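Chemist: Supplied structure: protein.pdb, PDB, C-alpha atoms.
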ATOM      1  CA  MET A   1       0.784  11.725   2.048
ATOM      2  CA  ASN A   2       4.534  11.377   1.678
ATOM      3  CA  PHE A   3       6.904  12.450   4.398
ATOM      4  CA  ASN A   4      10.505  13.363   3.782
ATOM      5  CA  PHE A   5      12.339  11.433   6.470
ATOM      6  CA  HIS A   6      15.675  12.352   4.904
ATOM      7  CA  ASN A   7      15.415  15.654   6.715
ATOM      8  CA  ASP A   8      17.832  15.590   9.650
ATOM      9  CA  SER A   9      15.794  18.267  11.428
ATOM     10  CA  ILE A  10      13.160  15.650  12.204
ATOM     11  CA  ARG A  11      15.826  13.404  13.658
ATOM     12  CA  GLY A  12      17.216  16.310  15.681
ATOM     13  CA  ILE A  13      13.849  17.219  17.164
ATOM     14  CA  LEU A  14      13.017  13.613  18.029
ATOM     15  CA  ARG A  15      16.448  13.038  19.594
ATOM     16  CA  ASN A  16      16.269  15.897  22.087
ATOM     17  CA  PRO A  17      18.613  15.593  25.062
ATOM     18  CA  GLY A  18      17.092  13.635  27.908
ATOM     19  CA  HIS A  19      15.747  10.766  25.847
ATOM     20  CA  GLU A  20      16.704   7.326  26.993
ATOM     21  CA  GLU A  21      18.892   5.252  24.696
ATOM     22  CA  ALA A  22      15.890   2.983  24.012
ATOM     23  CA  ASP A  23      13.979   6.013  22.708
ATOM     24  CA  ILE A  24      16.848   6.881  20.378
ATOM     25  CA  SER A  25      17.009   3.300  19.140
ATOM     26  CA  ASP A  26      13.257   3.343  18.446
ATOM     27  CA  ILE A  27      13.563   6.666  16.624
ATOM     28  CA  GLU A  28      16.479   5.545  14.457
ATOM     29  CA  THR A  29      14.747   2.256  13.552
ATOM     30  CA  PHE A  30      11.502   4.037  12.707
ATOM     31  CA  LEU A  31      13.251   6.675  10.598
ATOM     32  CA  ALA A  32      15.227   4.021   8.694
ATOM     33  CA  PHE A  33      12.016   2.090   7.989
ATOM     34  CA  ALA A  34      10.085   5.222   7.000
ATOM     35  CA  ARG A  35      12.872   6.482   4.707
ATOM     36  CA  LEU A  36      13.053   3.121   2.956
ATOM     37  CA  ALA A  37       9.271   2.788   2.546
ATOM     38  CA  ASN A  38       8.974   6.374   1.316
ATOM     39  CA  GLY A  39      11.823   5.876  -1.156
ATOM     40  CA  ILE A  40      10.409   2.630  -2.515
ATOM     41  CA  PHE A  41       6.951   4.098  -3.068
ATOM     42  CA  ARG A  42       8.323   7.343  -4.527
ATOM     43  CA  GLU A  43      10.389   5.443  -7.104
ATOM     44  CA  MET A  44       7.568   2.972  -7.819
ATOM     45  CA  ASN A  45       5.128   5.801  -8.410
ATOM     46  CA  SER A  46       7.603   7.475 -10.764
ATOM     47  CA  ASP A  47       8.237   4.234 -12.683
ATOM     48  CA  LEU A  48       4.529   3.414 -12.900
ATOM     49  CA  ALA A  49       3.692   6.931 -14.119
ATOM     50  CA  LYS A  50       6.141   6.456 -17.010
ATOM     51  CA  ARG A  51       4.121   3.360 -17.929
ATOM     52  CA  GLY A  52       0.782   5.179 -17.681
ATOM     53  CA  ALA A  53      -0.060   3.449 -14.435
ATOM     54  CA  SER A  54      -0.353   4.125 -10.722
ATOM     55  CA  GLN A  55      -0.607   1.970  -7.621
ATOM     56  CA  GLY A  56      -4.345   2.643  -7.474
ATOM     57  CA  ARG A  57      -4.944   1.709 -11.101
ATOM     58  CA  VAL A  58      -2.966  -1.518 -10.756
ATOM     59  CA  ILE A  59      -4.834  -2.443  -7.579
ATOM     60  CA  VAL A  60      -8.252  -1.929  -9.224
ATOM     61  CA  LEU A  61      -7.253  -3.915 -12.302
ATOM     62  CA  SER A  62      -5.816  -6.695 -10.101
ATOM     63  CA  LEU A  63      -8.983  -6.921  -8.017
ATOM     64  CA  LEU A  64     -11.132  -7.105 -11.129
ATOM     65  CA  SER A  65      -8.832  -9.680 -12.722
ATOM     66  CA  ARG A  66      -9.042 -11.926  -9.665
ATOM     67  CA  SER A  67     -12.845 -11.627  -9.556
ATOM     68  CA  THR A  68     -13.339 -12.488 -13.249
ATOM     69  CA  PRO A  69     -15.798 -13.614 -14.538
ATOM     70  CA  HIS A  70     -17.730 -11.798 -11.807
ATOM     71  CA  ASP A  71     -18.142  -8.034 -11.817
ATOM     72  CA  MET A  72     -17.618  -5.946  -8.686
ATOM     73  CA  THR A  73     -19.449  -2.907  -7.384
ATOM     74  CA  PRO A  74     -17.513   0.311  -6.813
ATOM     75  CA  SER A  75     -18.207  -0.084  -3.076
ATOM     76  CA  GLU A  76     -16.679  -3.570  -3.054
ATOM     77  CA  LEU A  77     -13.633  -2.292  -4.908
ATOM     78  CA  ALA A  78     -13.225   0.631  -2.502
ATOM     79  CA  LEU A  79     -13.449  -1.673   0.507
ATOM     80  CA  LEU A  80     -10.933  -4.177  -0.853
ATOM     81  CA  ALA A  81      -8.551  -1.454  -2.067
ATOM     82  CA  ASP A  82      -8.845   0.332   1.301
ATOM     83  CA  VAL A  83      -9.719   3.682  -0.270
ATOM     84  CA  THR A  84     -12.706   5.994  -0.033
ATOM     85  CA  ARG A  85     -15.602   5.654  -2.443
ATOM     86  CA  GLY A  86     -14.694   9.051  -3.885
ATOM     87  CA  THR A  87     -11.143   7.908  -4.609
ATOM     88  CA  MET A  88     -12.493   4.739  -6.189
ATOM     89  CA  THR A  89     -14.881   6.731  -8.377
ATOM     90  CA  GLY A  90     -11.926   8.732  -9.706
ATOM     91  CA  LEU A  91      -9.931   5.579 -10.399
ATOM     92  CA  ILE A  92     -12.891   3.948 -12.153
ATOM     93  CA  ASP A  93     -13.531   7.081 -14.227
ATOM     94  CA  GLY A  94      -9.915   7.152 -15.454
ATOM     95  CA  LEU A  95      -9.748   3.432 -16.175
ATOM     96  CA  GLU A  96     -13.050   3.575 -18.043
ATOM     97  CA  ARG A  97     -11.925   6.614 -20.039
ATOM     98  CA  ASP A  98      -8.786   4.667 -21.036
ATOM     99  CA  GLY A  99     -10.874   1.677 -22.162
ATOM    100  CA  LEU A 100      -9.502  -0.712 -19.535
ATOM    101  CA  ILE A 101     -12.751  -1.332 -17.659
ATOM    102  CA  GLU A 102     -16.443  -0.794 -18.230
ATOM    103  CA  ARG A 103     -19.422  -0.038 -16.063
ATOM    104  CA  VAL A 104     -22.375  -2.356 -16.569
ATOM    105  CA  ALA A 105     -25.861  -2.509 -15.078
ATOM    106  CA  HIS A 106     -26.061  -4.653 -11.939
ATOM    107  CA  LYS A 107     -27.812  -7.934 -12.679
ATOM    108  CA  GLY A 108     -29.932  -7.883  -9.529
ATOM    109  CA  ASP A 109     -30.595  -4.155  -9.108
ATOM    110  CA  ARG A 110     -30.785  -1.958 -12.203
ATOM    111  CA  ARG A 111     -30.211   1.159 -10.073
ATOM    112  CA  MET A 112     -26.680  -0.054  -9.357
ATOM    113  CA  VAL A 113     -23.669  -0.495 -11.594
ATOM    114  CA  THR A 114     -20.854  -2.988 -11.479
ATOM    115  CA  VAL A 115     -17.377  -2.760 -12.941
ATOM    116  CA  ARG A 116     -15.933  -5.277 -15.372
ATOM    117  CA  LEU A 117     -12.367  -5.726 -16.603
ATOM    118  CA  LYS A 118     -12.019  -5.439 -20.377
ATOM    119  CA  GLU A 119      -9.484  -7.358 -22.477
ATOM    120  CA  ASP A 120      -7.357  -4.213 -22.829
ATOM    121  CA  GLY A 121      -7.364  -3.899 -19.022
ATOM    122  CA  GLN A 122      -6.100  -7.453 -18.604
ATOM    123  CA  ALA A 123      -3.445  -6.846 -21.256
ATOM    124  CA  PHE A 124      -2.372  -3.634 -19.486
ATOM    125  CA  LEU A 125      -2.137  -5.511 -16.182
ATOM    126  CA  ASP A 126      -0.181  -8.349 -17.818
ATOM    127  CA  ASP A 127       2.310  -5.769 -19.142
ATOM    128  CA  ILE A 128       2.775  -4.174 -15.693
ATOM    129  CA  LEU A 129       3.153  -7.358 -13.609
ATOM    130  CA  PRO A 130       6.720  -8.133 -14.774
ATOM    131  CA  TYR A 131       7.725  -4.712 -13.426
ATOM    132  CA  TYR A 132       6.466  -5.692  -9.970
ATOM    133  CA  LYS A 133       8.110  -9.113 -10.083
ATOM    134  CA  ASN A 134      11.443  -7.620 -11.145
ATOM    135  CA  LEU A 135      11.260  -4.894  -8.492
ATOM    136  CA  ILE A 136      10.566  -7.399  -5.720
ATOM    137  CA  LYS A 137      13.233  -9.802  -6.935
ATOM    138  CA  THR A 138      15.806  -7.002  -7.129
ATOM    139  CA  LEU A 139      14.946  -5.473  -3.735
ATOM    140  CA  LEU A 140      15.143  -8.819  -1.957
ATOM    141  CA  SER A 141      17.918 -10.486  -3.959
ATOM    142  CA  ASP A 142      20.339 -10.464  -1.027
ATOM    143  CA  PHE A 143      17.842 -12.001   1.413
ATOM    144  CA  THR A 144      18.272 -15.568   2.619
ATOM    145  CA  GLU A 145      15.244 -17.653   3.608
ATOM    146  CA  GLU A 146      16.110 -16.831   7.229
ATOM    147  CA  ASP A 147      16.146 -13.117   6.383
ATOM    148  CA  HIS A 148      12.705 -13.402   4.795
ATOM    149  CA  GLU A 149      11.299 -15.170   7.849
ATOM    150  CA  MET A 150      12.854 -12.667  10.275
ATOM    151  CA  MET A 151      11.574  -9.714   8.217
ATOM    152  CA  ARG A 152       8.044 -11.134   8.129
ATOM    153  CA  GLN A 153       8.113 -11.663  11.900
ATOM    154  CA  LEU A 154       9.380  -8.131  12.530
ATOM    155  CA  LEU A 155       6.783  -6.617  10.206
ATOM    156  CA  VAL A 156       3.989  -8.561  11.935
ATOM    157  CA  LYS A 157       5.264  -7.200  15.254
ATOM    158  CA  MET A 158       5.390  -3.652  13.867
ATOM    159  CA  LYS A 159       1.903  -4.036  12.383
ATOM    160  CA  GLY A 160       0.569  -4.989  15.823
ATOM    161  CA  SER A 161       2.069  -1.823  17.294
ATOM    162  CA  PHE A 162       0.694   0.228  14.399
ATOM    163  CA  GLU A 163      -2.801  -1.118  15.014
ATOM    164  CA  ARG A 164      -2.556  -0.285  18.738
ATOM    165  CA  ILE A 165      -1.396   3.255  17.955
ATOM    166  CA  TRP A 166      -4.389   4.048  15.755
ATOM    167  CA  GLN A 167      -6.677   2.936  18.552
ATOM    168  CA  ALA A 168      -5.093   5.453  20.951
ATOM    169  CA  PRO A 169      -7.273   8.356  22.191
ATOM    170  CA  GLU A 170      -5.103  10.996  20.515
ATOM    171  CA  CYS A 171      -5.828   9.263  17.185
ATOM    172  CA  GLY A 172      -9.580   9.120  17.854
ATOM    173  CA  GLY A 173      -9.720   5.596  19.236
ATOM    174  CA  THR A 174      -9.139   3.855  22.521
ATOM    175  CA  VAL A 175      -5.942   2.189  23.679
ATOM    176  CA  LYS A 176      -5.979  -1.567  23.083
ATOM    177  CA  GLY A 177      -3.157  -2.667  25.314
ATOM    178  CA  GLU A 178       0.076  -1.077  26.340
ATOM    179  CA  PRO A 179       3.374  -0.953  24.480
ATOM    180  CA  PRO A 180       5.575  -3.926  25.269
ATOM    181  CA  GLU A 181       8.242  -3.528  27.940
ATOM    182  CA  LYS A 182      11.822  -3.363  26.695
TER     183      LYS A 182
END
Just give me the structure of the file as structure tokens.
Modeler:
Amino acid sequence: MNFNFHNDSIRGILRNPGHEEADISDIETFLAFARLANGIFREMNSDLAKRGASQGRVIVLSLLSRSTPHDMTPSELALLADVTRGTMTGLIDGLERDGLIERVAHKGDRRMVTVRLKEDGQAFLDDILPYYKNLIKTLLSDFTEEDHEMMRQLLVKMKGSFERIWQAPECGGTVKGEPPEK
């Protein structure tokens, strides 16, 4: 799901009077991060669609390419791609229809199928990879090595907070620690 964090009404609601300055700083940092991430993925999805690709398709092809010469089950692909089995079935169906992958009988259990990357799938992936490399190089061209290290550290810190949030009771989990003191 994409969120439009360009909408100033969200900022206005979150910055209601009475919030501490630390709250406002958190809100502004989060909104800047969310706007950037949303913009990057929106443009990537648009660019990939023009090339007959999508993030999901590229991920499946990449996973299969890295596993070659071994086939993977749809369940393994779904787990590694962090998507539902239903989503993976749709991706596999489309990639198979386009001749990029094939389903084959499982060697150990004929009731199961595995998925194999075809030559056309590897060629498709090879054509898409320069797009990713160029995008990354362009986005991070102004970063110094120190910037890269600081960004990685900040993202690890944010990831830790993200993981704690999704364990909170209101998200269906249990709190694993408290937010750090400022």
Chemist: Quote the spacing between atom CA of A:Leu129 and atom CA of A:Ser46 in Å to one decimal place.
Modeler: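 We find that atom CA of A:Leu129 and atom CA of A:Ser46 lie 15.7 Å from each other.
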Chemist: Can you list, as a PyMOL selection string, the residues that the PyMOL selection byres ((chain A and resi 84-94) around 8) selects here?
Modeler: chain A and resi 56-57+60+74-75+77-79+82-83+95-98+101
Chemist: May I ask for the distance between atom CA of A:Lys50 and atom CA of A:Tyr131, given in Å to one decimal place?
Modeler: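 Atom CA of A:Tyr131 lies at a distance of 11.8 Å from atom CA of A:Lys50.
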Chemist: With distances taken over all atoms listed in the file, which of A:Thr144, A:Thr68, A:Gln55, A:Ser161 is nearest to A:Ile128?
Modeler: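 Going through A:Thr144, A:Thr68, A:Gln55, A:Ser161 one by one, the smallest distance to A:Ile128 is for A:Gln55.
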Chemist: Could you work out how far atom CA of A:Asn134 lies from atom CA of A:Leu31, giving the answer in Å with one decimal?
Modeler: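 About the pair atom CA of A:Leu31 and atom CA of A:Asn134: they are 26.1 Å apart.
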